[in-house]
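Heads up: the structure comes next, in structure tokens.
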Amino acid sequence: MFREMRRSEKALPESEMLDIMNRAEYGVLSTTSENGYPYGVPVNFLFLDGSIYFHSALEGHKLDNIALGNKASFCVVTDVSLMADTFNTKYRSVISFGKVSEVYGGKKQEIYVKIIEKFSKGYIEAGMKYIEKAGPKARLFRIEVEHMTAKGLK
């Protein structure tokens with residue numbers, strides 16, 4: 001169903017893949033537009049229990065695409081370093097594939113709190129007020145990961 005990694009010698013072990021997903025601050029969500037063109041947009045995210053969570057405004061291009069089809073790809077890149085003398089780039093990356101669904105109710109609140117803890121650790125109280133105020137003006141989505149690979153230059 002999913003392709004194997006072409007450069008398998010660059011595959012990273014699961015422990016490094018999880019480290020990348022837990023440390024990265026953003027990833028690129030890719031969906032397909034109604035005209036068949038791919039659309040990639042950077043988003044902050046939370047990786048939790050094998051799923052990727054991201055928040056969104058109430059409307060927009062990515063939401064239109066998700067409504068058309070719930071399959072998505074998500075790419076994260078960390079630890080980038082140009083190696084000019086060898087015409088190469090050192091990096092670690094993860095590419096995930098999965099299905100997107102909206103998160104509601106208590107689970108939505110729980111994930112918002114975890115997002116605040118990840119990105120604004122020193123501002124939990126202010127973050128809680130922000131969540132309360134923004135609640136009805138924001139949506140939360142989950143990518144249920146079906147396939148994930150990691151690679152990097154060793």
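How things are named: the first chain in the structure tokens is A, the next is B, and so on; residues count from 1 in each chain; ligands count from 1 in the order shown.
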Contacts of stretch 50-153 of chain A with stretch 5-24 of chain A up to 6 Å, shortest pair per row, only C-alpha atoms, as JSON lines:
```
{"residue": "A:Ala150", "atom": "CA", "partner": "A:Leu12", "partner_atom": "CA", "distance": 5.3}
{"residue": "A:Lys151", "atom": "CA", "partner": "A:Ala11", "partner_atom": "CA", "distance": 4.4}
{"residue": "A:Gly152", "atom": "CA", "partner": "A:Lys10", "partner_atom": "CA", "distance": 5.4}
```
Excluding A:His61 and residues on its chain fewer than 3 positions from it, collect all residues at most 8 Å away from it, counting only C-alpha atoms, and give them as a PyMOL selection string. chain A and resi 33+64-65
Residue set, chain A restricted to strand (DSSP E), as a VMD selection string: chain A and resid 26 to 32 38 to 44 46 to 48 51 to 56 71 to 83 88 to 103 139 to 152
Using only C-alpha atoms, determine which residues lie at most 9 Å from A:Val113, disregarding the query and same-chain residues fewer than 4 positions distant; provide the list as a VMD selection string. chain A and resid 108 to 109 117 to 118 124 127 to 128 131
Mind dumping the selected residues with all heavy atoms as a JSON list (two decimals), in the first residue's frame?
```json
[["chain", "number", "residue", "atom", "x", "y", "z"],
["A", 108, "LYS", "N", -10.80, 17.46, 22.60],
["A", 108, "LYS", "CA", -10.32, 18.71, 21.99],
["A", 108, "LYS", "C", -9.65, 19.57, 23.06],
["A", 108, "LYS", "O", -8.54, 20.07, 22.86],
["A", 108, "LYS", "CB", -11.49, 19.45, 21.34],
["A", 108, "LYS", "CG", -11.12, 20.75, 20.67],
["A", 108, "LYS", "CD", -12.35, 21.37, 20.00],
["A", 108, "LYS", "CE", -12.02, 22.69, 19.34],
["A", 108, "LYS", "NZ", -13.19, 23.31, 18.70],
["A", 109, "GLN", "N", -10.31, 19.74, 24.19],
["A", 109, "GLN", "CA", -9.76, 20.54, 25.30],
["A", 109, "GLN", "C", -8.45, 19.92, 25.79],
["A", 109, "GLN", "O", -7.47, 20.64, 26.02],
["A", 109, "GLN", "CB", -10.78, 20.62, 26.44],
["A", 109, "GLN", "CG", -10.32, 21.40, 27.64],
["A", 109, "GLN", "CD", -10.26, 22.90, 27.41],
["A", 109, "GLN", "OE1", -10.79, 23.41, 26.43],
["A", 109, "GLN", "NE2", -9.60, 23.61, 28.30],
["A", 117, "GLU", "N", 1.21, 23.24, 26.54],
["A", 117, "GLU", "CA", 2.35, 22.73, 27.30],
["A", 117, "GLU", "C", 3.58, 22.56, 26.41],
["A", 117, "GLU", "O", 4.71, 22.78, 26.86],
["A", 117, "GLU", "CB", 1.99, 21.40, 27.97],
["A", 117, "GLU", "CG", 1.01, 21.54, 29.11],
["A", 117, "GLU", "CD", 0.48, 20.22, 29.64],
["A", 117, "GLU", "OE1", 0.70, 19.16, 28.99],
["A", 117, "GLU", "OE2", -0.18, 20.23, 30.69],
["A", 118, "LYS", "N", 3.39, 22.18, 25.16],
["A", 118, "LYS", "CA", 4.52, 21.99, 24.25],
["A", 118, "LYS", "C", 5.12, 23.32, 23.81],
["A", 118, "LYS", "O", 6.33, 23.50, 23.81],
["A", 118, "LYS", "CB", 4.09, 21.19, 23.02],
["A", 118, "LYS", "CG", 5.22, 21.01, 22.00],
["A", 118, "LYS", "CD", 4.80, 20.22, 20.78],
["A", 118, "LYS", "CE", 5.96, 20.11, 19.79],
["A", 118, "LYS", "NZ", 5.62, 19.34, 18.60],
["A", 124, "ILE", "N", 1.14, 28.68, 31.02],
["A", 124, "ILE", "CA", -0.01, 27.77, 31.09],
["A", 124, "ILE", "C", -1.30, 28.52, 31.45],
["A", 124, "ILE", "O", -2.33, 28.34, 30.80],
["A", 124, "ILE", "CB", 0.24, 26.61, 32.09],
["A", 124, "ILE", "CG1", 1.48, 25.80, 31.69],
["A", 124, "ILE", "CG2", -0.99, 25.73, 32.22],
["A", 124, "ILE", "CD1", 1.39, 25.10, 30.36],
["A", 127, "GLY", "N", -2.36, 30.62, 28.67],
["A", 127, "GLY", "CA", -2.75, 29.71, 27.59],
["A", 127, "GLY", "C", -4.15, 29.16, 27.80],
["A", 127, "GLY", "O", -4.92, 29.02, 26.84],
["A", 128, "MET", "N", -4.50, 28.86, 29.03],
["A", 128, "MET", "CA", -5.84, 28.35, 29.34],
["A", 128, "MET", "C", -6.90, 29.42, 29.02],
["A", 128, "MET", "O", -7.95, 29.11, 28.47],
["A", 128, "MET", "CB", -5.93, 27.92, 30.80],
["A", 128, "MET", "CG", -5.01, 26.75, 31.15],
["A", 128, "MET", "SD", -5.26, 25.29, 30.10],
["A", 128, "MET", "CE", -6.83, 24.75, 30.69],
["A", 131, "ILE", "N", -7.24, 29.55, 25.23],
["A", 131, "ILE", "CA", -8.04, 28.43, 24.73],
["A", 131, "ILE", "C", -9.53, 28.70, 24.93],
["A", 131, "ILE", "O", -10.34, 28.49, 24.04],
["A", 131, "ILE", "CB", -7.65, 27.11, 25.44],
["A", 131, "ILE", "CG1", -6.25, 26.67, 25.02],
["A", 131, "ILE", "CG2", -8.66, 26.01, 25.16],
["A", 131, "ILE", "CD1", -5.68, 25.54, 25.85]]
```
Have a look at A:Asn35, A:Ser120, A:Ser30, A:Thr149 and name the one nearest to A:Arg92; count only C-alpha atoms.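 Nearest candidate to A:Arg92 out of A:Asn35, A:Ser120, A:Ser30, A:Thr149: A:Thr149.
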I'd like the contact shell of A:Glu144 - 7 Å cut-off, only C-alpha atoms, skipping same-chain residues fewer than 5 positions apart - returned as a JSON list (two decimals) with N, CA, C and O atoms, in the first residue's frame.
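So part_25.json came out as:
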```
[["chain", "number", "residue", "atom", "x", "y", "z"],
["A", 51, "SER", "N", -0.57, 9.68, 16.90],
["A", 51, "SER", "CA", -1.38, 10.56, 16.06],
["A", 51, "SER", "C", -0.77, 11.96, 16.04],
["A", 51, "SER", "O", -0.07, 12.36, 16.97],
["A", 52, "ILE", "N", -1.07, 12.69, 14.98],
["A", 52, "ILE", "CA", -0.61, 14.06, 14.82],
["A", 52, "ILE", "C", -1.83, 14.96, 14.96],
["A", 52, "ILE", "O", -2.85, 14.75, 14.31],
["A", 98, "GLY", "N", -1.70, 9.40, 6.59],
["A", 98, "GLY", "CA", -2.84, 9.00, 7.41],
["A", 98, "GLY", "C", -4.11, 9.69, 7.00],
["A", 98, "GLY", "O", -4.16, 10.42, 6.01],
["A", 99, "LYS", "N", -5.13, 9.45, 7.80],
["A", 99, "LYS", "CA", -6.45, 10.02, 7.54],
["A", 99, "LYS", "C", -6.76, 11.07, 8.60],
["A", 99, "LYS", "O", -6.52, 10.87, 9.79],
["A", 100, "VAL", "N", -7.32, 12.19, 8.12],
["A", 100, "VAL", "CA", -7.61, 13.33, 8.97],
["A", 100, "VAL", "C", -9.06, 13.29, 9.43],
["A", 100, "VAL", "O", -9.97, 13.02, 8.64]]
```
Residues near A:Gly105, anyone? I mean within 12 Å using only C-alpha atoms, not counting same-chain ones fewer than 4 positions away, as a ChimeraX atom specification. /A:109-112,135-136,139-140
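Atom to atom, atom CA of A:Ala57 and atom CA of A:Thr78 stand 26.0 Å apart.
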Can you pull out every residue within 12 Å of A:Gly27, counting only C-alpha atoms, but drop anything in the same chain fewer than 2 positions away, and send it as a list in words? Ile20, Met21, Asn22, Arg23, Ala24, Glu25, Leu29, Ser30, Gly40, Val41, Pro42, Val43, Asn44, Phe45, Leu46, Phe47, Ile52, Tyr53, Phe54, Ser73, Phe74, Cys75, Val76, Val77, Thr78, Ser93, Val94, Ile95 and Ser96 of chain A
Mind writing the picked residues with N, CA and C atoms as a compact mmCIF listing (two decimals), in the first residue's frame?
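So again.txt came out as:
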```txt
# COMPACT_ATOMS: atom_id res chain seq x y z
N ILE A 20 12.25 12.87 16.74
CA ILE A 20 12.00 13.93 15.76
C ILE A 20 10.57 14.43 15.92
N MET A 21 9.62 13.53 15.99
CA MET A 21 8.21 13.92 16.07
C MET A 21 7.89 14.66 17.37
N ASN A 22 8.57 14.31 18.44
CA ASN A 22 8.31 14.97 19.72
C ASN A 22 9.03 16.30 19.87
N ARG A 23 10.15 16.48 19.18
CA ARG A 23 10.92 17.72 19.30
C ARG A 23 10.56 18.79 18.27
N ALA A 24 10.13 18.37 17.11
CA ALA A 24 9.88 19.33 16.02
C ALA A 24 8.79 20.32 16.39
N GLU A 25 8.95 21.54 15.90
CA GLU A 25 7.99 22.60 16.21
C GLU A 25 6.92 22.74 15.14
N LEU A 29 1.77 19.97 6.30
CA LEU A 29 0.59 19.16 6.02
C LEU A 29 0.30 19.27 4.52
N SER A 30 0.20 18.13 3.86
CA SER A 30 -0.09 18.12 2.42
C SER A 30 -1.40 17.42 2.16
N GLY A 40 0.56 22.15 0.25
CA GLY A 40 1.33 21.94 1.48
C GLY A 40 1.36 23.20 2.30
N VAL A 41 1.06 23.08 3.57
CA VAL A 41 1.03 24.24 4.46
C VAL A 41 1.72 23.90 5.78
N PRO A 42 2.63 24.77 6.24
CA PRO A 42 3.27 24.51 7.52
C PRO A 42 2.31 24.74 8.68
N VAL A 43 2.33 23.84 9.64
CA VAL A 43 1.48 23.95 10.83
C VAL A 43 2.25 23.51 12.07
N ASN A 44 1.96 24.16 13.20
CA ASN A 44 2.43 23.65 14.48
C ASN A 44 1.66 22.38 14.76
N PHE A 45 2.24 21.46 15.50
CA PHE A 45 1.56 20.20 15.73
C PHE A 45 1.98 19.57 17.04
N LEU A 46 1.20 18.62 17.45
CA LEU A 46 1.49 17.79 18.62
C LEU A 46 1.44 16.34 18.16
N PHE A 47 2.45 15.58 18.52
CA PHE A 47 2.47 14.15 18.24
C PHE A 47 2.18 13.44 19.55
N ILE A 52 -1.07 12.69 14.98
CA ILE A 52 -0.61 14.06 14.82
C ILE A 52 -1.83 14.96 14.96
N TYR A 53 -1.71 15.98 15.82
CA TYR A 53 -2.81 16.92 16.04
C TYR A 53 -2.38 18.32 15.59
N PHE A 54 -3.29 19.03 14.94
CA PHE A 54 -3.04 20.41 14.56
C PHE A 54 -4.33 21.19 14.66
N SER A 73 -0.60 13.74 3.91
CA SER A 73 0.79 13.44 4.20
C SER A 73 1.30 14.54 5.11
N PHE A 74 2.23 14.21 5.99
CA PHE A 74 2.77 15.18 6.92
C PHE A 74 4.28 14.99 6.99
N CYS A 75 5.04 16.06 6.74
CA CYS A 75 6.50 15.97 6.70
C CYS A 75 7.12 16.89 7.75
N VAL A 76 8.07 16.34 8.49
CA VAL A 76 8.79 17.08 9.51
C VAL A 76 10.29 16.97 9.23
N VAL A 77 11.00 18.08 9.34
CA VAL A 77 12.45 18.08 9.13
C VAL A 77 13.11 18.80 10.30
N THR A 78 14.16 18.19 10.86
CA THR A 78 14.90 18.80 11.96
C THR A 78 16.39 18.68 11.70
N SER A 93 14.44 13.55 9.06
CA SER A 93 13.07 13.84 8.63
C SER A 93 12.16 12.65 8.90
N VAL A 94 10.88 12.98 8.98
CA VAL A 94 9.83 11.96 9.12
C VAL A 94 8.74 12.32 8.12
N ILE A 95 8.28 11.31 7.40
CA ILE A 95 7.12 11.48 6.53
C ILE A 95 6.05 10.51 7.01
N SER A 96 4.86 11.06 7.23
CA SER A 96 3.73 10.28 7.72
C SER A 96 2.59 10.35 6.72
```
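For the atom pair formed by atom CA of A:Pro38 and atom CA of A:Arg142, the distance is 19.4 Å, given to one decimal.
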Return the single residue from A:Asp85, A:Leu48, A:Asn70, A:Ala134 that is closest to A:Lys114, with distances computed using only C-alpha atoms.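 Looking only at the distances to A:Lys114, the closest residue turns out to be A:Leu48.
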What separation in Å, quoted to one decimal, exists between atom CA of A:Glu146 and atom CA of A:Ala67?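 Separation between atom CA of A:Glu146 and atom CA of A:Ala67: 19.2 Å.
For the residues A:Lys107, A:Leu153, A:Glu4, A:Gly50, ranking by smallest atom-to-atom distance to A:Met83 using only C-alpha atoms places A:Leu153 first.
Among the candidate residues A:Leu63, A:Met148, A:Ala72, A:Leu82, the one lying nearest to A:Val28 is A:Ala72, with distances computed using only C-alpha atoms.
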